[in-house]
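For reference, final38.csv is printed below; it contains CSV, C-alpha atoms.
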chain,number,residue,atom,x,y,z
A,1247,MET,CA,108.8,248.4,48.3
A,1248,ARG,CA,109.8,248.8,44.6
A,1249,GLU,CA,113.3,249.9,45.6
A,1250,GLU,CA,114.1,246.4,46.9
A,1251,PHE,CA,114.0,245.0,43.3
A,1252,LEU,CA,116.2,247.7,41.7
A,1253,ASN,CA,119.8,247.2,41.0
A,1254,GLU,CA,122.4,250.0,41.7
A,1255,ASP,CA,122.1,251.5,38.1
A,1256,ASP,CA,118.3,251.5,38.3
A,1257,LYS,CA,118.5,253.3,41.7
A,1258,ILE,CA,120.7,256.0,40.3
A,1259,GLN,CA,118.4,256.5,37.3
A,1260,GLU,CA,115.4,256.7,39.6
A,1261,LYS,CA,117.1,259.4,41.7
A,1262,LEU,CA,118.0,261.4,38.6
A,1263,LYS,CA,114.5,261.2,37.3
A,1264,GLN,CA,113.1,262.6,40.5
A,1265,LYS,CA,115.0,265.9,40.3
A,1266,THR,CA,115.8,268.5,37.7
A,1267,TRP,CA,119.4,269.5,37.1
A,1268,ASN,CA,118.8,272.8,38.9
A,1269,GLU,CA,117.4,271.0,41.9
A,1270,ILE,CA,120.5,268.8,42.0
A,1271,ARG,CA,122.7,271.8,41.9
A,1272,THR,CA,120.7,273.6,44.6
A,1273,ASN,CA,121.1,270.5,46.9
A,1274,ASP,CA,124.9,270.6,46.3
A,1275,SER,CA,125.0,274.3,47.4
A,1276,TRP,CA,123.2,273.5,50.6
A,1277,ALA,CA,125.5,270.6,51.3
A,1278,ILE,CA,128.3,273.2,51.8
A,1279,PHE,CA,126.7,274.1,55.2
A,1280,LYS,CA,126.6,270.5,56.3
A,1281,ILE,CA,130.3,270.1,55.3
A,1282,MET,CA,131.2,273.3,57.2
A,1283,SER,CA,129.4,272.1,60.3
A,1284,GLU,CA,131.3,268.8,60.2
A,1285,PHE,CA,134.6,270.7,60.0
A,1286,VAL,CA,133.7,273.1,62.8
A,1287,ASN,CA,132.5,270.3,65.1
A,1288,GLY,CA,135.6,268.2,64.3
A,1289,TYR,CA,138.0,271.0,64.9
A,1290,GLU,CA,136.4,272.1,68.2
A,1291,SER,CA,136.3,268.5,69.5
A,1292,MET,CA,139.7,267.4,68.4
A,1293,ALA,CA,141.6,270.5,69.5
A,1294,ARG,CA,140.9,269.6,73.1
A,1295,ILE,CA,142.1,266.1,73.0
A,1296,GLY,CA,145.9,266.4,73.0
A,1297,PRO,CA,148.7,264.5,71.1
A,1298,CYS,CA,147.4,261.3,69.6
A,1299,VAL,CA,148.5,258.5,67.2
A,1300,SER,CA,146.1,257.1,64.6
A,1301,ILE,CA,145.7,253.4,64.1
A,1302,PHE,CA,144.4,252.1,60.8
A,1303,GLY,CA,143.4,248.6,59.7
A,1304,SER,CA,140.7,246.4,58.4
A,1305,ALA,CA,137.2,246.5,59.9
A,1306,ARG,CA,136.9,242.8,59.0
A,1307,THR,CA,139.7,241.6,61.3
A,1308,LYS,CA,138.3,239.2,64.0
A,1309,PRO,CA,139.3,239.4,67.7
A,1310,ASP,CA,141.2,236.1,67.5
A,1311,ASN,CA,143.3,237.3,64.5
A,1312,LYS,CA,147.0,237.9,65.3
A,1313,TYR,CA,146.8,241.4,64.0
A,1314,TYR,CA,143.9,242.3,66.2
A,1315,ILE,CA,145.8,241.1,69.2
A,1316,LEU,CA,148.9,243.0,68.1
A,1317,ALA,CA,146.9,246.2,67.4
A,1318,GLU,CA,145.5,246.0,71.0
A,1319,LYS,CA,149.0,245.6,72.4
A,1320,ILE,CA,150.3,248.5,70.3
A,1321,ALA,CA,147.5,250.8,71.4
A,1322,TYR,CA,148.1,249.9,75.1
A,1323,LYS,CA,151.8,250.7,74.7
A,1324,ILE,CA,151.1,253.9,72.9
A,1325,SER,CA,148.7,255.1,75.6
A,1326,LYS,CA,151.3,254.2,78.3
A,1327,ALA,CA,153.8,256.2,76.4
A,1328,GLY,CA,151.6,259.3,76.8
A,1329,TYR,CA,149.8,259.4,73.5
A,1330,GLY,CA,146.1,259.2,72.9
A,1331,VAL,CA,144.8,256.8,70.2
A,1332,ILE,CA,142.5,257.7,67.3
A,1333,THR,CA,140.8,255.1,65.2
A,1334,GLY,CA,138.0,255.1,62.6
A,1335,GLY,CA,135.7,254.0,65.5
A,1336,GLY,CA,134.4,250.8,64.0
A,1337,PRO,CA,135.1,247.1,64.5
A,1338,GLY,CA,138.1,245.0,63.7
A,1339,ILE,CA,141.5,246.7,64.0
A,1340,MET,CA,139.8,249.9,65.0
A,1341,GLU,CA,138.1,248.2,67.9
A,1342,ALA,CA,141.4,246.7,68.9
A,1343,GLY,CA,143.0,250.1,68.9
A,1344,ASN,CA,140.4,251.7,71.1
A,1345,LYS,CA,140.3,248.7,73.4
A,1346,GLY,CA,144.1,248.9,74.0
A,1347,ALA,CA,143.9,252.6,74.7
A,1348,HIS,CA,141.0,252.0,77.1
A,1349,GLN,CA,142.9,249.3,78.9
A,1350,GLY,CA,145.9,251.6,79.1
A,1351,GLU,CA,143.7,254.3,80.6
A,1352,GLY,CA,144.6,256.6,77.7
A,1353,THR,CA,142.5,258.8,75.5
A,1354,SER,CA,140.4,256.7,73.1
A,1355,VAL,CA,139.0,258.6,70.1
A,1356,GLY,CA,136.6,257.2,67.4
A,1357,LEU,CA,136.0,259.0,64.1
A,1358,ASN,CA,133.0,257.2,62.8
A,1359,ILE,CA,131.7,257.3,59.2
A,1360,GLU,CA,128.2,256.4,58.0
A,1361,LEU,CA,128.5,253.3,55.8
A,1362,PRO,CA,125.9,250.9,54.4
A,1363,PHE,CA,128.0,248.0,55.7
A,1364,GLU,CA,130.7,247.1,58.2
A,1365,GLN,CA,130.8,250.3,60.2
A,1366,HIS,CA,129.3,250.5,63.7
A,1367,TYR,CA,131.1,252.2,66.6
A,1368,ASN,CA,132.8,250.0,69.1
A,1369,PRO,CA,132.3,250.2,72.9
A,1370,TYR,CA,135.9,251.2,73.8
A,1371,ILE,CA,135.7,254.8,72.6
A,1372,ASP,CA,135.6,257.5,75.3
A,1373,LYS,CA,132.0,258.7,75.5
A,1374,ASP,CA,132.9,262.3,74.9
A,1375,LYS,CA,135.3,261.5,72.0
A,1376,ASN,CA,133.0,259.6,69.7
A,1377,LEU,CA,132.6,261.7,66.6
A,1378,ASN,CA,130.3,260.9,63.6
A,1379,PHE,CA,130.9,262.0,60.0
A,1380,ASP,CA,129.0,261.8,56.7
A,1381,TYR,CA,131.9,262.8,54.6
A,1382,PHE,CA,135.0,260.8,54.2
A,1383,PHE,CA,137.2,263.8,53.2
A,1384,VAL,CA,136.2,265.7,56.4
A,1385,ARG,CA,137.1,262.7,58.5
A,1386,LYS,CA,140.4,262.2,56.7
A,1387,VAL,CA,141.3,265.8,57.5
A,1388,MET,CA,140.8,265.1,61.2
A,1389,PHE,CA,143.1,262.1,61.1
A,1390,VAL,CA,145.9,264.0,59.5
A,1391,LYS,CA,145.5,267.3,61.3
A,1392,TYR,CA,145.4,265.9,64.8
A,1393,SER,CA,147.7,262.9,64.6
A,1394,GLN,CA,151.4,262.8,65.7
A,1395,GLY,CA,151.8,259.5,63.8
A,1396,PHE,CA,150.1,256.9,61.7
A,1397,VAL,CA,150.2,253.2,62.7
A,1398,VAL,CA,149.0,251.2,59.7
A,1399,MET,CA,148.0,247.6,60.4
A,1400,PRO,CA,147.0,245.2,57.6
A,1401,GLY,CA,143.8,246.4,56.0
A,1402,GLY,CA,141.9,246.9,52.7
A,1403,PHE,CA,141.4,249.8,50.3
A,1404,GLY,CA,140.4,252.3,53.0
A,1405,THR,CA,143.6,251.6,54.9
A,1406,LEU,CA,145.7,252.0,51.7
A,1407,ASP,CA,143.8,255.2,51.0
A,1408,GLU,CA,144.8,256.7,54.4
A,1409,LEU,CA,148.4,255.5,54.0
A,1410,PHE,CA,149.0,256.9,50.6
A,1411,GLU,CA,147.3,260.2,51.3
A,1412,ALA,CA,149.6,260.7,54.3
A,1413,VAL,CA,152.7,259.9,52.2
A,1414,THR,CA,151.5,262.2,49.4
A,1415,LEU,CA,150.8,265.2,51.8
A,1416,ILE,CA,154.2,264.8,53.5
A,1417,GLN,CA,156.0,264.3,50.2
A,1418,THR,CA,154.4,267.4,48.7
A,1419,LYS,CA,155.1,269.4,51.9
A,1420,LYS,CA,151.4,270.2,52.4
A,1421,ILE,CA,151.7,269.0,56.0
A,1422,GLY,CA,154.6,268.5,58.3
A,1423,LYS,CA,156.4,265.2,58.5
A,1424,PHE,CA,155.3,262.7,61.1
A,1425,PRO,CA,156.0,258.9,61.6
A,1426,ILE,CA,154.2,256.5,59.3
A,1427,ILE,CA,154.6,253.0,60.7
A,1428,LEU,CA,153.5,249.9,58.8
A,1429,VAL,CA,153.0,246.9,61.1
A,1430,GLY,CA,153.5,243.4,59.8
A,1431,SER,CA,156.4,242.9,57.4
A,1432,GLU,CA,154.9,239.7,56.1
A,1433,PHE,CA,151.8,241.7,55.0
A,1434,TRP,CA,153.5,244.8,53.7
A,1435,SER,CA,156.7,243.5,52.1
A,1436,GLY,CA,155.1,242.7,48.7
A,1437,LEU,CA,153.7,246.2,48.3
A,1438,ILE,CA,156.9,247.8,49.4
A,1439,ASP,CA,159.0,245.7,47.0
A,1440,TRP,CA,156.7,246.7,44.2
A,1441,ILE,CA,157.0,250.4,45.1
A,1442,LYS,CA,160.8,250.1,45.1
A,1443,THR,CA,161.4,247.9,42.0
A,1444,VAL,CA,158.5,249.1,39.7
A,1445,LEU,CA,157.3,252.5,40.9
A,1446,ILE,CA,160.8,253.9,41.7
A,1447,GLU,CA,163.5,252.0,40.0
A,1448,LYS,CA,161.8,250.9,36.8
A,1449,GLU,CA,159.3,253.7,36.1
A,1450,HIS,CA,160.9,256.5,38.1
A,1451,ASN,CA,157.5,257.7,39.3
A,1452,ALA,CA,158.7,258.5,42.8
A,1453,ASN,CA,161.8,259.7,44.5
A,1454,PRO,CA,163.8,257.0,46.3
A,1455,ASP,CA,164.0,259.3,49.3
A,1456,ASP,CA,160.2,259.0,49.7
A,1457,MET,CA,160.7,255.5,51.1
A,1458,ASN,CA,162.4,257.1,54.2
A,1459,LEU,CA,158.9,258.4,55.2
A,1460,ILE,CA,157.8,254.8,56.0
A,1461,LYS,CA,159.0,252.4,58.7
A,1462,ILE,CA,158.1,248.7,58.8
A,1463,VAL,CA,158.0,247.0,62.2
A,1464,ASP,CA,156.6,243.8,63.7
A,1465,THR,CA,156.2,244.5,67.4
A,1466,GLU,CA,154.5,246.9,69.8
A,1467,ASP,CA,157.9,247.9,71.3
A,1468,GLU,CA,159.2,248.9,67.8
A,1469,VAL,CA,156.2,251.1,67.2
A,1470,VAL,CA,156.8,253.1,70.4
A,1471,GLU,CA,160.5,253.2,69.7
A,1472,VAL,CA,159.9,254.8,66.2
A,1473,LEU,CA,157.5,257.4,67.7
A,1474,ASP,CA,159.9,258.3,70.6
A,1475,ASN,CA,163.0,258.5,68.4
A,1476,PHE,CA,161.2,260.8,65.9
A,1477,TYR,CA,160.0,263.3,68.5
A,1478,LYS,CA,163.2,263.2,70.6
A,1479,LYS,CA,165.0,264.3,67.5
A,1480,TYR,CA,162.8,267.4,67.5
A,1481,ASN,CA,163.0,267.8,71.3
A,1482,LEU,CA,159.3,267.1,71.7
A,1483,SER,CA,157.4,264.8,74.0
A,1484,PRO,CA,153.9,263.4,74.0
A,1485,ASN,CA,153.0,266.3,76.4
A,1486,PHE,CA,153.9,269.1,74.0
Conversion result in structure tokens:
Amino acid sequence: MREEFLNEDDKIQEKLKQKTWNEIRTNDSWAIFKIMSEFVNGYESMARIGPCVSIFGSARTKPDNKYYILAEKIAYKISKAGYGVITGGGPGIMEAGNKGAHQGEGTSVGLNIELPFEQHYNPYIDKDKNLNFDYFFVRKVMFVKYSQGFVVMPGGFGTLDELFEAVTLIQTKKIGKFPIILVGSEFWSGLIDWIKTVLIEKEHNANPDDMNLIKIVDTEDEVVEVLDNFYKKYNLSPNF
């Protein structure tokens, strides 16, 4: 019961005292096999699913929030357009995404992560497509590798992390280009203005052409239009 009275720094010190440095390094070596198993399971499961679009957003968004309702509509439209929907599998915007896909009778995938708060899987994920991960970086690979597009709803740090990683990977040509769609101009306009005026124009820390990787929309129809226009340009369809 002593751990209940320890703060985070004390807990770290306690863990370090319990093991020698060699023991810690040995545990790191064995963790490689756990990481490998997550990659193998993820690849085998996701490869069978077919073309999908990932929907990101806050786990804290409530069902009566306008962005929850919009995410549900977007997922429904996406599923009717022939795409499956991938989310982080949790509550909030993730739940809305899976719910819309479920209502649209489309593929509904959840990539869950073990967290001490917020995360629990939602009931709208297909039973055979509910994957669990211990490692954020393995889970992020699955999002990027098996998505034909990113739909980014209003969210927090995790949502921003997924957004900027996708932009970085496309910008550096580590992955092929795919649509990155920000939903909610009211929410995203401040960030986009800062990127344009400070990051690009003032500090010259990015190329102005990089902004072409991102589209900002406000409706479910616009999301599907961006996806369809992108893949029509490459003579591809959701059934490729």
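Non-sequential neighbours of range 1455-1465 of chain A (distance at most 6 Å, separation of 4 or more positions within a chain, all atoms listed in the file) are Ile1426, Ile1427, Leu1428, Val1429 and Gly1430 of chain A.
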Shell of 8 Å around range 1440-1445 of chain A, only C-alpha atoms, local chain residues under 6 positions omitted, as a short mmCIF file (atom, residue, chain, number, x, y, z; two decimals) with C-alpha atoms, keeping the file's coordinate frame:
data_model
loop_
_atom_site.label_atom_id
_atom_site.label_comp_id
_atom_site.auth_asym_id
_atom_site.auth_seq_id
_atom_site.Cartn_x
_atom_site.Cartn_y
_atom_site.Cartn_z
CA ASN A 1451 157.50 257.70 39.30
CA ALA A 1452 158.70 258.50 42.80
CA PRO A 1454 163.80 257.00 46.30
#
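Going from CA of Val1413 in chain A over to CA of Arg1385 in chain A, you cover 17.1 Å.
CA of Ser1283 in chain A lies 27.2 Å from CA of Phe1403 in chain A.
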Enter the distance from CA of Gly1350 in chain A to CA of Tyr1322 in chain A, in Å, rounded to one decimal.
-> 4.9 Å
Restricting to all atoms listed in the file, whichever of A:Tyr1314, A:Trp1276, A:Phe1285, A:Phe1476 is closest to Phe1379 in chain A is A:Phe1285
Do a neighbour search on Lys1375 in chain A at 12 Å with all atoms listed in the file, toss out local chain neighbours closer than 5 positions, and write the hits as a list in words.
-> Asn1287, Gly1288, Glu1290, Ser1291, Met1292, Ala1293, Arg1294, Ile1295, Gly1296, Gly1330, Val1331, Ile1332, Thr1333, Gly1334, Gly1335, Asn1344, Gly1352, Thr1353, Ser1354, Val1355, Gly1356, Leu1357, Asn1358, Tyr1367, Pro1369 and Tyr1370 of chain A
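Among the candidates A:Ser1393, A:Pro1297, A:Val1286, A:Ile1438, the one nearest to Ile1421 in chain A when counting only C-alpha atoms is A:Ser1393.
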Counting all atoms listed in the file, closest pick from A:Leu1316, A:Ala1321, A:Met1340, A:Cys1298 relative to Thr1405 in chain A is A:Met1340
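Here the question is which of A:Gln1394, A:Gly1346, A:Ile1339, A:Asp1374 gets nearest to Pro1425 in chain A using all atoms listed in the file, and that residue is A:Gln1394.
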Shell of 9 Å around Gly1338 in chain A, all atoms listed in the file, local chain residues under 6 positions omitted, as a ChimeraX atom specification = /A:1303-1309,1314
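For the choices A:Glu1432, A:Ile1359, A:Asp1274, A:Asp1467, the atom-to-atom distance to Tyr1381 in chain A is smallest for A:Ile1359 when using all atoms listed in the file.
Across A:Tyr1392, A:Tyr1313, A:Tyr1477, A:Phe1433, the tightest approach to Val1299 in chain A is made by A:Tyr1392 when counting only C-alpha atoms.
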